Structure formats: C-alpha cells, structure tokens
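K.L.:
Sharing protein32.cif (mmCIF, C-alpha atoms) below.
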data_input
loop_
_atom_site.label_atom_id
_atom_site.label_comp_id
_atom_site.auth_asym_id
_atom_site.auth_seq_id
_atom_site.Cartn_x
_atom_site.Cartn_y
_atom_site.Cartn_z
CA MET A 1 -9.17 41.65 -2.62
CA LYS A 2 -8.33 40.11 -5.97
CA PRO A 3 -6.31 36.87 -5.98
CA GLY A 4 -2.69 37.03 -7.04
CA THR A 5 -1.90 40.42 -5.50
CA LYS A 6 0.81 41.43 -3.03
CA GLU A 7 -1.91 42.73 -0.75
CA GLN A 8 -3.55 39.32 -0.50
CA ALA A 9 -0.21 37.55 -0.16
CA ALA A 10 0.39 39.40 3.14
CA ILE A 11 -2.85 38.56 4.92
CA PHE A 12 -1.76 35.18 6.29
CA ARG A 13 1.43 36.53 7.84
CA LEU A 14 0.98 36.63 11.60
CA ASP A 15 3.06 39.82 11.81
CA ARG A 16 0.71 41.72 9.47
CA ASP A 17 -2.44 42.21 11.54
CA ASP A 18 -3.60 45.30 9.63
CA ASP A 19 -3.71 43.42 6.32
CA TYR A 20 -5.35 40.45 7.97
CA LEU A 21 -8.03 42.50 9.73
CA ARG A 22 -9.01 44.34 6.52
CA TRP A 23 -9.32 41.05 4.65
CA ARG A 24 -11.15 39.41 7.58
CA GLU A 25 -13.80 42.15 7.67
CA GLU A 26 -14.43 41.84 3.94
CA LYS A 27 -14.47 38.03 4.05
CA LEU A 28 -16.95 37.76 6.91
CA SER A 29 -19.24 40.51 5.63
CA ASN A 30 -19.68 38.61 2.33
CA ALA A 31 -19.91 35.09 3.76
CA PRO A 32 -23.20 33.34 2.88
CA LEU A 33 -25.41 32.00 5.67
CA SER A 34 -27.21 29.56 3.39
CA ALA A 35 -26.13 27.18 0.63
CA ASP A 36 -28.90 28.66 -1.53
CA ARG A 37 -26.72 31.77 -1.92
CA LEU A 38 -24.16 29.68 -3.80
CA PHE A 39 -26.45 28.37 -6.55
CA VAL A 40 -26.00 29.13 -10.23
CA GLU A 41 -28.43 27.87 -12.86
CA ILE A 42 -26.61 26.33 -15.83
CA LYS A 43 -28.33 25.82 -19.19
CA ASP A 44 -25.70 23.55 -20.75
CA MET A 45 -22.79 22.01 -18.85
CA ASN A 46 -20.87 21.52 -22.08
CA SER A 47 -20.80 25.26 -22.65
CA PRO A 48 -21.64 27.60 -19.73
CA ASP A 49 -22.42 31.09 -21.00
CA GLU A 50 -20.57 34.24 -19.94
CA ALA A 51 -22.99 35.23 -17.18
CA GLU A 52 -22.98 31.73 -15.68
CA THR A 53 -19.19 31.57 -15.86
CA ASP A 54 -18.70 34.99 -14.27
CA LYS A 55 -21.06 34.17 -11.41
CA ILE A 56 -19.34 30.87 -10.61
CA ILE A 57 -15.89 32.48 -10.65
CA ALA A 58 -17.11 35.36 -8.46
CA LEU A 59 -18.55 32.92 -5.92
CA CYS A 60 -15.35 30.87 -5.87
CA ARG A 61 -13.31 34.03 -5.31
CA GLN A 62 -15.59 35.01 -2.46
CA THR A 63 -16.25 31.63 -0.78
CA ASN A 64 -13.96 29.14 -2.61
CA MET A 65 -17.03 27.26 -3.85
CA ALA A 66 -20.15 27.42 -5.97
CA LEU A 67 -23.14 25.12 -6.37
CA TYR A 68 -24.79 24.67 -9.73
CA ALA A 69 -27.99 23.20 -11.11
CA CYS A 70 -28.12 22.13 -14.74
CA ASN A 71 -31.47 22.62 -16.43
CA ARG A 72 -30.93 19.62 -18.69
CA THR A 73 -30.46 16.49 -16.57
CA CYS A 74 -30.12 12.86 -17.56
CA ASP A 75 -28.93 9.61 -16.02
CA ASP A 76 -26.99 8.43 -19.07
CA GLU A 77 -23.59 7.97 -17.43
CA ALA A 78 -21.58 8.53 -20.62
CA LEU A 79 -23.30 11.85 -21.34
CA VAL A 80 -22.96 12.97 -17.73
CA ARG A 81 -19.26 12.15 -17.75
CA ALA A 82 -18.67 14.09 -20.96
CA GLY A 83 -20.63 17.10 -19.70
CA THR A 84 -18.86 17.09 -16.33
CA GLN A 85 -15.44 16.92 -17.94
CA SER A 86 -16.27 19.79 -20.31
CA PHE A 87 -17.71 21.87 -17.47
CA ASN A 88 -14.62 21.43 -15.31
CA ALA A 89 -12.23 22.22 -18.17
CA HIS A 90 -14.19 25.42 -18.83
CA PHE A 91 -12.94 26.66 -15.44
CA GLY A 92 -9.31 25.80 -16.09
CA LEU A 93 -9.37 22.40 -14.41
CA HIS A 94 -7.24 20.14 -16.59
CA ARG A 95 -4.58 18.45 -14.46
CA PHE A 96 -6.61 15.79 -12.71
CA GLU A 97 -5.23 13.60 -9.95
CA ASP A 98 -3.91 10.21 -11.01
CA HIS A 99 -6.32 8.40 -8.68
CA ARG A 100 -6.40 4.61 -8.32
CA SER A 101 -10.15 4.42 -9.09
CA MET A 102 -10.53 6.98 -11.85
CA THR A 103 -11.41 6.31 -15.47
CA PRO A 104 -9.43 7.90 -18.35
CA ASP A 105 -11.58 11.05 -18.21
CA GLY A 106 -10.35 11.74 -14.67
CA LEU A 107 -13.69 10.99 -12.99
CA VAL A 108 -14.43 8.57 -10.15
CA SER A 109 -17.91 7.14 -9.58
CA ILE A 110 -18.92 7.64 -5.95
CA GLU A 111 -21.44 4.89 -5.26
CA VAL A 112 -21.94 1.93 -2.96
CA VAL A 113 -19.62 -0.91 -4.00
CA ASN A 114 -20.25 -4.37 -2.55
CA ASN A 115 -18.06 -6.46 -4.87
CA SER A 116 -14.99 -7.45 -2.85
CA HIS A 117 -12.95 -7.71 -6.06
CA GLU A 118 -13.73 -4.10 -7.01
CA GLY A 119 -10.81 -1.76 -6.21
CA ARG A 120 -13.07 0.75 -4.45
CA ALA A 121 -14.60 -1.80 -2.06
CA GLY A 122 -13.90 -1.27 1.62
CA PHE A 123 -13.22 2.46 1.38
CA ILE A 124 -15.72 4.70 3.19
CA PRO A 125 -16.68 6.92 0.19
CA TYR A 126 -18.00 3.80 -1.58
CA THR A 127 -20.33 2.82 1.26
CA ASN A 128 -23.48 4.42 2.66
CA LYS A 129 -21.69 5.32 5.91
CA PRO A 130 -21.07 8.91 7.02
CA ILE A 131 -17.81 10.58 6.03
CA SER A 132 -16.20 12.89 8.58
CA TRP A 133 -14.86 16.38 7.85
CA HIS A 134 -11.92 16.51 5.47
CA THR A 135 -10.33 18.17 2.49
CA ASP A 136 -9.74 15.88 -0.47
CA GLY A 137 -6.30 14.34 -0.94
CA TYR A 138 -5.15 15.02 2.62
CA TYR A 139 -2.95 11.90 2.28
CA ASN A 140 -1.22 13.17 -0.88
CA PRO A 141 2.36 14.48 -0.96
CA THR A 142 2.94 18.20 -1.54
CA ALA A 143 3.67 17.69 -5.25
CA ARG A 144 0.21 16.15 -5.71
CA ARG A 145 -1.74 18.63 -3.59
CA ILE A 146 -5.44 18.71 -4.51
CA LYS A 147 -6.29 22.35 -5.15
CA ALA A 148 -9.78 21.94 -6.63
CA MET A 149 -12.47 19.29 -6.77
CA THR A 150 -15.95 18.82 -8.19
CA LEU A 151 -18.90 16.58 -7.38
CA HIS A 152 -21.79 16.08 -9.80
CA CYS A 153 -24.96 14.29 -8.69
CA VAL A 154 -26.39 11.79 -11.18
CA ARG A 155 -28.79 10.20 -8.67
CA PRO A 156 -29.36 11.30 -5.06
CA ALA A 157 -29.92 8.90 -2.18
CA ARG A 158 -33.49 8.05 -1.24
CA GLU A 159 -32.76 9.34 2.27
CA GLY A 160 -29.72 11.13 3.67
CA GLY A 161 -26.44 11.75 1.85
CA VAL A 162 -26.36 15.40 2.94
CA ASN A 163 -23.12 17.37 2.56
CA GLU A 164 -21.87 20.06 4.90
CA LEU A 165 -19.43 22.59 3.46
CA PHE A 166 -17.02 25.03 5.12
CA ASP A 167 -14.65 27.52 3.56
CA PRO A 168 -11.04 26.86 4.74
CA GLU A 169 -10.45 30.61 4.89
CA ILE A 170 -13.23 30.91 7.47
CA ALA A 171 -11.65 28.03 9.41
CA TYR A 172 -8.38 29.97 9.38
CA ILE A 173 -10.13 33.10 10.67
CA ARG A 174 -11.81 31.24 13.53
CA LEU A 175 -8.53 29.64 14.60
CA ARG A 176 -6.46 32.82 14.32
CA ASP A 177 -9.02 34.90 16.17
CA GLU A 178 -9.07 32.38 19.01
CA ASN A 179 -5.28 32.03 19.26
CA PRO A 180 -2.63 32.90 16.65
CA ASP A 181 -0.48 30.11 18.10
CA PHE A 182 -3.05 27.67 16.67
CA ILE A 183 -2.05 28.85 13.19
CA ARG A 184 1.66 28.59 14.01
CA ALA A 185 1.19 25.04 15.27
CA LEU A 186 -0.97 23.88 12.36
CA SER A 187 1.47 25.41 9.88
CA HIS A 188 4.36 23.31 11.19
CA ARG A 189 5.85 21.02 8.56
CA ARG A 190 5.20 17.92 10.68
CA ALA A 191 1.78 18.85 12.11
CA LEU A 192 -0.16 16.00 10.46
CA THR A 193 1.02 12.56 9.39
CA ILE A 194 -0.95 9.97 7.42
CA PRO A 195 0.85 6.61 7.67
CA ALA A 196 1.78 4.59 4.60
CA PHE A 197 -0.93 2.35 3.15
CA VAL A 198 -0.37 -0.98 1.38
CA GLU A 199 -2.80 -1.73 -1.45
CA LYS A 200 -4.17 -5.22 -2.14
CA ASP A 201 -1.82 -5.56 -5.10
CA GLY A 202 1.18 -4.90 -2.85
CA THR A 203 1.87 -1.34 -3.97
CA THR A 204 2.39 1.21 -1.22
CA ARG A 205 1.05 4.71 -0.82
CA PRO A 206 3.90 6.45 1.00
CA GLN A 207 3.58 8.12 4.37
CA SER A 208 2.44 11.73 4.02
CA VAL A 209 3.80 14.31 6.46
CA GLY A 210 3.01 18.02 6.30
CA PRO A 211 1.21 21.06 7.67
CA VAL A 212 -2.50 21.73 7.85
CA PHE A 213 -2.17 25.29 6.52
CA THR A 214 0.07 26.50 3.73
CA TRP A 215 -0.20 29.58 1.55
CA ASP A 216 1.45 30.87 -1.57
CA ARG A 217 3.53 33.90 -0.66
CA TYR A 218 3.10 35.34 -4.17
CA THR A 219 -0.60 34.76 -4.88
CA GLY A 220 -1.93 34.64 -1.32
CA ASN A 221 -3.86 31.43 -2.00
CA LEU A 222 -4.49 29.44 1.19
CA HIS A 223 -4.45 25.65 1.14
CA MET A 224 -5.80 23.47 3.95
CA ARG A 225 -5.01 19.79 4.52
CA PHE A 226 -7.26 18.22 7.13
CA THR A 227 -9.09 15.09 8.14
CA ASP A 228 -11.14 14.34 11.22
CA ARG A 229 -10.67 10.61 10.86
CA LYS A 230 -9.80 8.85 14.12
CA ARG A 231 -7.73 5.93 12.79
CA ASN A 232 -4.54 5.82 10.73
CA ILE A 233 -3.68 9.42 11.51
CA GLU A 234 -0.95 10.95 13.67
CA TRP A 235 -1.06 14.49 14.99
CA ALA A 236 2.23 15.93 16.22
CA ASP A 237 2.73 15.39 19.95
CA ASN A 238 2.16 19.03 20.85
CA GLU A 239 -0.34 20.49 23.32
CA THR A 240 -1.09 23.52 21.13
CA ILE A 241 -1.93 21.28 18.17
CA ARG A 242 -4.22 19.18 20.33
CA GLU A 243 -6.01 22.34 21.51
CA ALA A 244 -6.21 23.70 17.95
CA VAL A 245 -7.72 20.49 16.56
CA ALA A 246 -10.25 20.33 19.40
CA PHE A 247 -11.21 23.95 18.77
CA LEU A 248 -11.57 23.34 15.02
CA ARG A 249 -13.79 20.32 15.64
CA ASN A 250 -16.05 22.50 17.75
CA VAL A 251 -16.14 25.16 15.01
CA LEU A 252 -17.16 22.55 12.44
CA ALA A 253 -19.92 21.32 14.74
CA THR A 254 -21.38 24.71 15.66
CA ASP A 255 -20.37 27.53 13.34
CA GLU A 256 -23.18 29.49 11.66
CA LEU A 257 -21.21 29.59 8.40
CA VAL A 258 -21.22 25.80 7.98
CA LEU A 259 -23.44 25.27 4.93
CA LYS A 260 -25.64 22.21 4.50
CA TYR A 261 -27.15 20.87 1.28
CA LYS A 262 -28.33 17.64 -0.29
CA MET A 263 -27.61 17.63 -3.99
CA GLU A 264 -30.33 16.49 -6.36
CA ALA A 265 -29.93 15.06 -9.87
CA GLY A 266 -28.15 17.50 -12.17
CA GLN A 267 -26.68 19.53 -9.32
CA GLY A 268 -23.08 19.75 -8.22
CA ILE A 269 -20.30 21.63 -6.49
CA ILE A 270 -17.16 23.15 -7.94
CA CYS A 271 -14.67 24.36 -5.35
CA ASN A 272 -11.10 25.07 -4.33
CA ASN A 273 -11.07 21.94 -2.14
CA VAL A 274 -13.20 23.20 0.73
CA LEU A 275 -13.83 21.29 3.95
CA HIS A 276 -16.78 18.94 3.57
CA ASN A 277 -18.45 15.87 5.02
CA ARG A 278 -21.35 13.56 4.19
CA SER A 279 -24.13 12.08 6.29
CA ALA A 280 -25.10 8.41 6.12
CA PHE A 281 -27.76 7.51 3.56
CA GLN A 282 -30.24 4.87 2.49
CA ASP A 283 -30.75 3.79 -1.12
CA ASP A 284 -33.32 1.85 -3.07
CA SER A 285 -32.36 -1.80 -3.32
CA SER A 286 -31.85 -1.66 -7.09
CA LYS A 287 -28.24 -0.80 -8.01
CA ASP A 288 -29.25 1.33 -10.98
CA LYS A 289 -31.34 3.52 -8.67
CA GLY A 290 -28.71 4.00 -5.97
CA ARG A 291 -26.87 7.22 -5.13
CA LEU A 292 -24.30 8.08 -7.80
CA LEU A 293 -21.98 11.08 -7.89
CA MET A 294 -19.12 11.84 -10.27
CA ARG A 295 -16.02 13.18 -8.52
CA ALA A 296 -12.98 14.85 -10.06
CA ARG A 297 -9.90 16.16 -8.23
CA TYR A 298 -7.37 18.54 -9.71
CA LEU A 299 -3.87 19.89 -9.17
CA ASP A 300 -5.18 23.25 -10.50
CA ARG A 301 -7.22 25.93 -8.76
CA ILE A 302 -10.35 27.24 -10.43
CA GLU A 303 -9.39 29.70 -13.16
CA GLY A 304 -9.77 33.30 -12.01
CA THR A 305 -9.05 32.45 -8.37
CA CYS A 306 -5.30 31.93 -8.74
#
Could the structure of this file be written out as structure tokens, please?
P.N.:
Amino acid sequence: MKPGTKEQAAIFRLDRDDDYLRWREEKLSNAPLSADRLFVEIKDMNSPDEAETDKIIALCRQTNMALYACNRTCDDEALVRAGTQSFNAHFGLHRFEDHRSMTPDGLVSIEVVNNSHEGRAGFIPYTNKPISWHTDGYYNPTARRIKAMTLHCVRPAREGGVNELFDPEIAYIRLRDENPDFIRALSHRRALTIPAFVEKDGTTRPQSVGPVFTWDRYTGNLHMRFTDRKRNIEWADNETIREAVAFLRNVLATDELVLKYKMEAGQGIICNNVLHNRSAFQDDSSKDKGRLLMRARYLDRIEGTC
C-alpha cells in the first residue's frame, strides 16, 4: 500500500479487520530477517543519485528504515557534518528538533562526555552504558513529535555499541494480534507520562502526557512513542496497559524481526523514528579515537513515506 491513501488510513482502525489483515499479510511477507537487507551503498552523501535515493525511499516505505554505507569516509568532523546535513535534506528532512545539545546545523554529537560542565554530561546517550528500547523524543509534546531521525557513524566503538532496531508497525501487529485491547489501552491519551525535568540552568522541560500509538487518519502514518526506561516514567494505572507493556517487552527481547547491527565508520541509519536500543561499549582511551555518531531528529517524515 502506498502512503497517503484512504486504504492505508483505515488499517489501524480496530473495526476494519479486513483492511488490517490485507496490510498485515503484505507487511510481514516483506519484512527483512537481517539488517543486511536494509543496506544501500552511497557514493556521495552530498548528492545521492536517483537509484540510491529510490532504494532508500522504498526501504523506508516498506520497513520505516534504511541503512547506508558511504564509499567515501573521513573523520573530519566538519566535512561529516556537512555531508550528513545534505544527505538528510535530500530526503525532505528540514525541520530539525530544537534540541538542547545541538549545533546550528541541527546535529548532536553522540560521544562519551566526562566534563561535568558540558551540557550533555550525565545523560545516558553520552556515556558508554547501554540504552534501553525507545523511540526518540518520547518526552516531547505532541507539537514537537519526532517523526524521523538519523544516526551517522564517524568512529565506531572498539568493542560493543551494537544497535537493535524494530519497526513500530511490526510492534503494532504483534500487540494487535495478541489482544486488540492492548492497542486500545496504548492509544489512550494518558497512557504514558514522562514527568517534568529541571535543567541545571533552572529551565524546566514540561511534563509530557500522551498515548503510545497515534496515527494520521488521512495519511495512515503510524507514530509510536515508547521508552523502556524504569525511572522517571509513569504508566497509567491500568491492568491492560501493564499487560501490554509486559508483552511488548517480551516481543522486543525475542522477536525474529528484531534487527541487530553495529555501524562502522561511514555507515548510518535513516528512519521514521523506529524503536531502537544500544549495547554498552568500550573505547580506546584517547578521546579522538572514541565512538562518535552524529544524530539528527526531525519533525518531518522521510519524503515519499508521508
């Protein structure tokens, strides 16, 4: 099914099983069993050619994500930033999130930060610790919903730093097939609450309350808001939600369609904000040899998947 059609807009309605079952069969029959199926070779990130572009868009329509490997790699941060920004814009990603740690180009350096005066210090992404399953921006209000994100690897970790990836549409299928009431519960407007957070400078990130699943009734695009963090999170006091979250955790731990990959230098992911995690890692002692990824988060979906 092509995005943006009335047919696709009906598939997430729980009273339209016929539409859902047709879409489900197509979705599962095309789902990749290996991350290698998602790879696209890119000659020049500043200007992907037509074949490269078409393949990435097709993969993102099918699985909400694509992995790429650029033939020309370098560790010059300025050149990598420029190439990453151009690459993302090529796929219609322009409205980047106004993130506290980003630079003017919209990118955030994901690396180990030990300086206590650095604004990123103390947050899990900027350590070598594992990161649990989540979609990016799960603490954002609806008006700042993260619809797409990219990660570009400048330098991999010496050991570890492996990502697991899972298509939110597959998560929806697993939950609905098990119990449609799981979808009803996770679509409730107060299903998941992230409490307010006070920054070191005294500014406050407001409390964020909302559903796990939402979908656009005109385009059919599904959005998932989820985190498996154990602290500073409040699930609605509802038995069905507790059962749904426990079931989803088991899916993420065991499902054959969970994809695993460690990105190497010059590789990256472009996606419609899929579920992902990261294993712990070990770096070389020298800072300029440590793991470094460039992350960008957008209020847009990838062009051609809207």
K.L.:
Please indicate the distance in Å from CA of Asn277 in chain A to CA of Ala185 in chain A, rounded to one decimal place.
P.N.:
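These two atoms are separated by 24.0 Å.
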K.L.:
For the PyMOL selection byres ((chain A and resi 253) around 12), applied here, can you spell out every residue it catches as a ChimeraX atom specification?
P.N.:
/A:132-133,164-166,171,228,246-252,254-260,276-277
K.L.:
Please evaluate the PyMOL selection byres ((chain A and resi 273) around 8) against the structure above and give the resulting residues as a list in words.
P.N.:
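The output of the PyMOL selection byres ((chain A and resi 273) around 8) on this file is Asn64, Thr135, Asp136, Ile146, Lys147, Ala148, Met149, Cys271, Asn272, Val274 and Leu275 of chain A.
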K.L.:
Evaluated on this file, the PyMOL selection byres ((chain A and resi 266) around 7) picks out some residues - which ones are they, written as an MDAnalysis selection string?
P.N.:
chainID A and resid 69:70 73 152:154 264:265 267:268
K.L.:
Could you take the residues named above and write them with C-alpha atoms, as a PDB file, in the coordinates of the input?
P.N.:
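File written: result38.pdb
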ATOM      1  CA  ALA A  69     -27.990  23.200 -11.110  1.00  0.00           C
ATOM      2  CA  CYS A  70     -28.120  22.130 -14.740  1.00  0.00           C
ATOM      3  CA  THR A  73     -30.460  16.490 -16.570  1.00  0.00           C
ATOM      4  CA  HIS A 152     -21.790  16.080  -9.800  1.00  0.00           C
ATOM      5  CA  CYS A 153     -24.960  14.290  -8.690  1.00  0.00           C
ATOM      6  CA  VAL A 154     -26.390  11.790 -11.180  1.00  0.00           C
ATOM      7  CA  GLU A 264     -30.330  16.490  -6.360  1.00  0.00           C
ATOM      8  CA  ALA A 265     -29.930  15.060  -9.870  1.00  0.00           C
ATOM      9  CA  GLN A 267     -26.680  19.530  -9.320  1.00  0.00           C
ATOM     10  CA  GLY A 268     -23.080  19.750  -8.220  1.00  0.00           C
TER      11      GLY A 268
END
K.L.:
For a test of reading the model, state the distance in Å between CA of Glu159 in chain A and CA of Glu77 in chain A, rounded to one decimal.
P.N.:
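Value for the CA of Glu159 in chain A-CA of Glu77 in chain A distance: 21.8 Å.
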K.L.:
When you count all atoms listed in the file, which of these residues is closest to Pro195 in chain A: A:Leu93, A:Ile233, A:Leu59, A:Val162?
P.N.:
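With all atoms listed in the file as the atom set, the closest residue is A:Ile233.
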K.L.:
Nearest to Ile110 in chain A among A:Met263, A:Leu38, A:Ile302, A:Leu292, with distances taken over all atoms listed in the file: which residue is it?
P.N.:
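Looking only at the distances to Ile110 in chain A, the closest residue turns out to be A:Leu292.
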K.L.:
Between CA of Glu111 in chain A and CA of Leu192 in chain A, measure the distance and give it in Å to one decimal.
P.N.:
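For CA of Glu111 in chain A relative to CA of Leu192 in chain A, the distance reads 28.7 Å.
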K.L.:
I need the residue nearest Phe281 in chain A from this list: A:Glu178, A:Pro156, A:Arg295, A:Gly106. Use all atoms listed in the file for the distance.
P.N.:
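Looking only at the distances to Phe281 in chain A, the closest residue turns out to be A:Pro156.
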K.L.:
From the options A:Gly122, A:Asn30, A:Ala58, A:Cys306, which residue's atoms come nearest to Tyr218 in chain A, counting only C-alpha atoms?
P.N.:
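Closest to Tyr218 in chain A of all the choices is A:Cys306.
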K.L.:
I need the residue nearest Thr63 in chain A from this list: A:Leu21, A:Leu293, A:Val112, A:Ala31. Use all atoms listed in the file for the distance.
P.N.:
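So, comparing all the options, the nearest one is A:Ala31.
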K.L.:
Would you mind writing range 120-144 of chain A with N, CA and C atoms, as a CSV table (one decimal), in the coordinates of the input?
P.N.:
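Printed below is selection_17.csv as written:
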chain,number,residue,atom,x,y,z
A,120,ARG,N,-12.5,-0.3,-5.4
A,120,ARG,CA,-13.1,0.8,-4.4
A,120,ARG,C,-13.7,0.2,-3.2
A,121,ALA,N,-13.9,-1.2,-3.2
A,121,ALA,CA,-14.6,-1.8,-2.1
A,121,ALA,C,-13.8,-1.6,-0.8
A,122,GLY,N,-14.5,-1.4,0.3
A,122,GLY,CA,-13.9,-1.3,1.6
A,122,GLY,C,-13.5,0.1,2.0
A,123,PHE,N,-13.5,1.1,1.1
A,123,PHE,CA,-13.2,2.5,1.4
A,123,PHE,C,-14.5,3.2,1.7
A,124,ILE,N,-14.5,4.0,2.7
A,124,ILE,CA,-15.7,4.7,3.2
A,124,ILE,C,-16.5,5.5,2.1
A,125,PRO,N,-15.9,6.2,1.2
A,125,PRO,CA,-16.7,6.9,0.2
A,125,PRO,C,-17.6,6.0,-0.6
A,126,TYR,N,-17.2,4.7,-0.7
A,126,TYR,CA,-18.0,3.8,-1.6
A,126,TYR,C,-18.9,2.9,-0.7
A,127,THR,N,-19.3,3.5,0.4
A,127,THR,CA,-20.3,2.8,1.3
A,127,THR,C,-21.4,3.8,1.5
A,128,ASN,N,-22.4,3.5,2.3
A,128,ASN,CA,-23.5,4.4,2.7
A,128,ASN,C,-23.2,5.0,4.1
A,129,LYS,N,-22.0,4.8,4.6
A,129,LYS,CA,-21.7,5.3,5.9
A,129,LYS,C,-21.4,6.8,5.9
A,130,PRO,N,-21.5,7.5,7.0
A,130,PRO,CA,-21.1,8.9,7.0
A,130,PRO,C,-19.6,9.1,6.8
A,131,ILE,N,-19.2,10.2,6.2
A,131,ILE,CA,-17.8,10.6,6.0
A,131,ILE,C,-17.5,11.8,6.9
A,132,SER,N,-16.5,11.8,7.7
A,132,SER,CA,-16.2,12.9,8.6
A,132,SER,C,-15.6,14.1,7.8
A,133,TRP,N,-15.4,15.2,8.5
A,133,TRP,CA,-14.9,16.4,7.8
A,133,TRP,C,-13.5,16.1,7.3
A,134,HIS,N,-13.2,16.7,6.1
A,134,HIS,CA,-11.9,16.5,5.5
A,134,HIS,C,-11.8,17.5,4.3
A,135,THR,N,-10.6,17.6,3.8
A,135,THR,CA,-10.3,18.2,2.5
A,135,THR,C,-9.8,17.0,1.6
A,136,ASP,N,-10.1,17.0,0.4
A,136,ASP,CA,-9.7,15.9,-0.5
A,136,ASP,C,-8.2,15.8,-0.6
A,137,GLY,N,-7.7,14.6,-0.7
A,137,GLY,CA,-6.3,14.3,-0.9
A,137,GLY,C,-5.4,14.7,0.2
A,138,TYR,N,-6.0,14.7,1.4
A,138,TYR,CA,-5.2,15.0,2.6
A,138,TYR,C,-4.0,14.1,2.8
A,139,TYR,N,-4.0,12.9,2.2
A,139,TYR,CA,-3.0,11.9,2.3
A,139,TYR,C,-1.9,12.0,1.1
A,140,ASN,N,-2.1,13.0,0.3
A,140,ASN,CA,-1.2,13.2,-0.9
A,140,ASN,C,0.0,13.9,-0.5
A,141,PRO,N,1.2,13.7,-1.2
A,141,PRO,CA,2.4,14.5,-1.0
A,141,PRO,C,2.2,15.9,-1.5
A,142,THR,N,3.0,16.8,-1.1
A,142,THR,CA,2.9,18.2,-1.5
A,142,THR,C,2.9,18.4,-3.1
A,143,ALA,N,3.6,17.6,-3.8
A,143,ALA,CA,3.7,17.7,-5.2
A,143,ALA,C,2.4,17.3,-5.9
A,144,ARG,N,1.5,16.6,-5.2
A,144,ARG,CA,0.2,16.2,-5.7
A,144,ARG,C,-0.9,16.7,-4.9
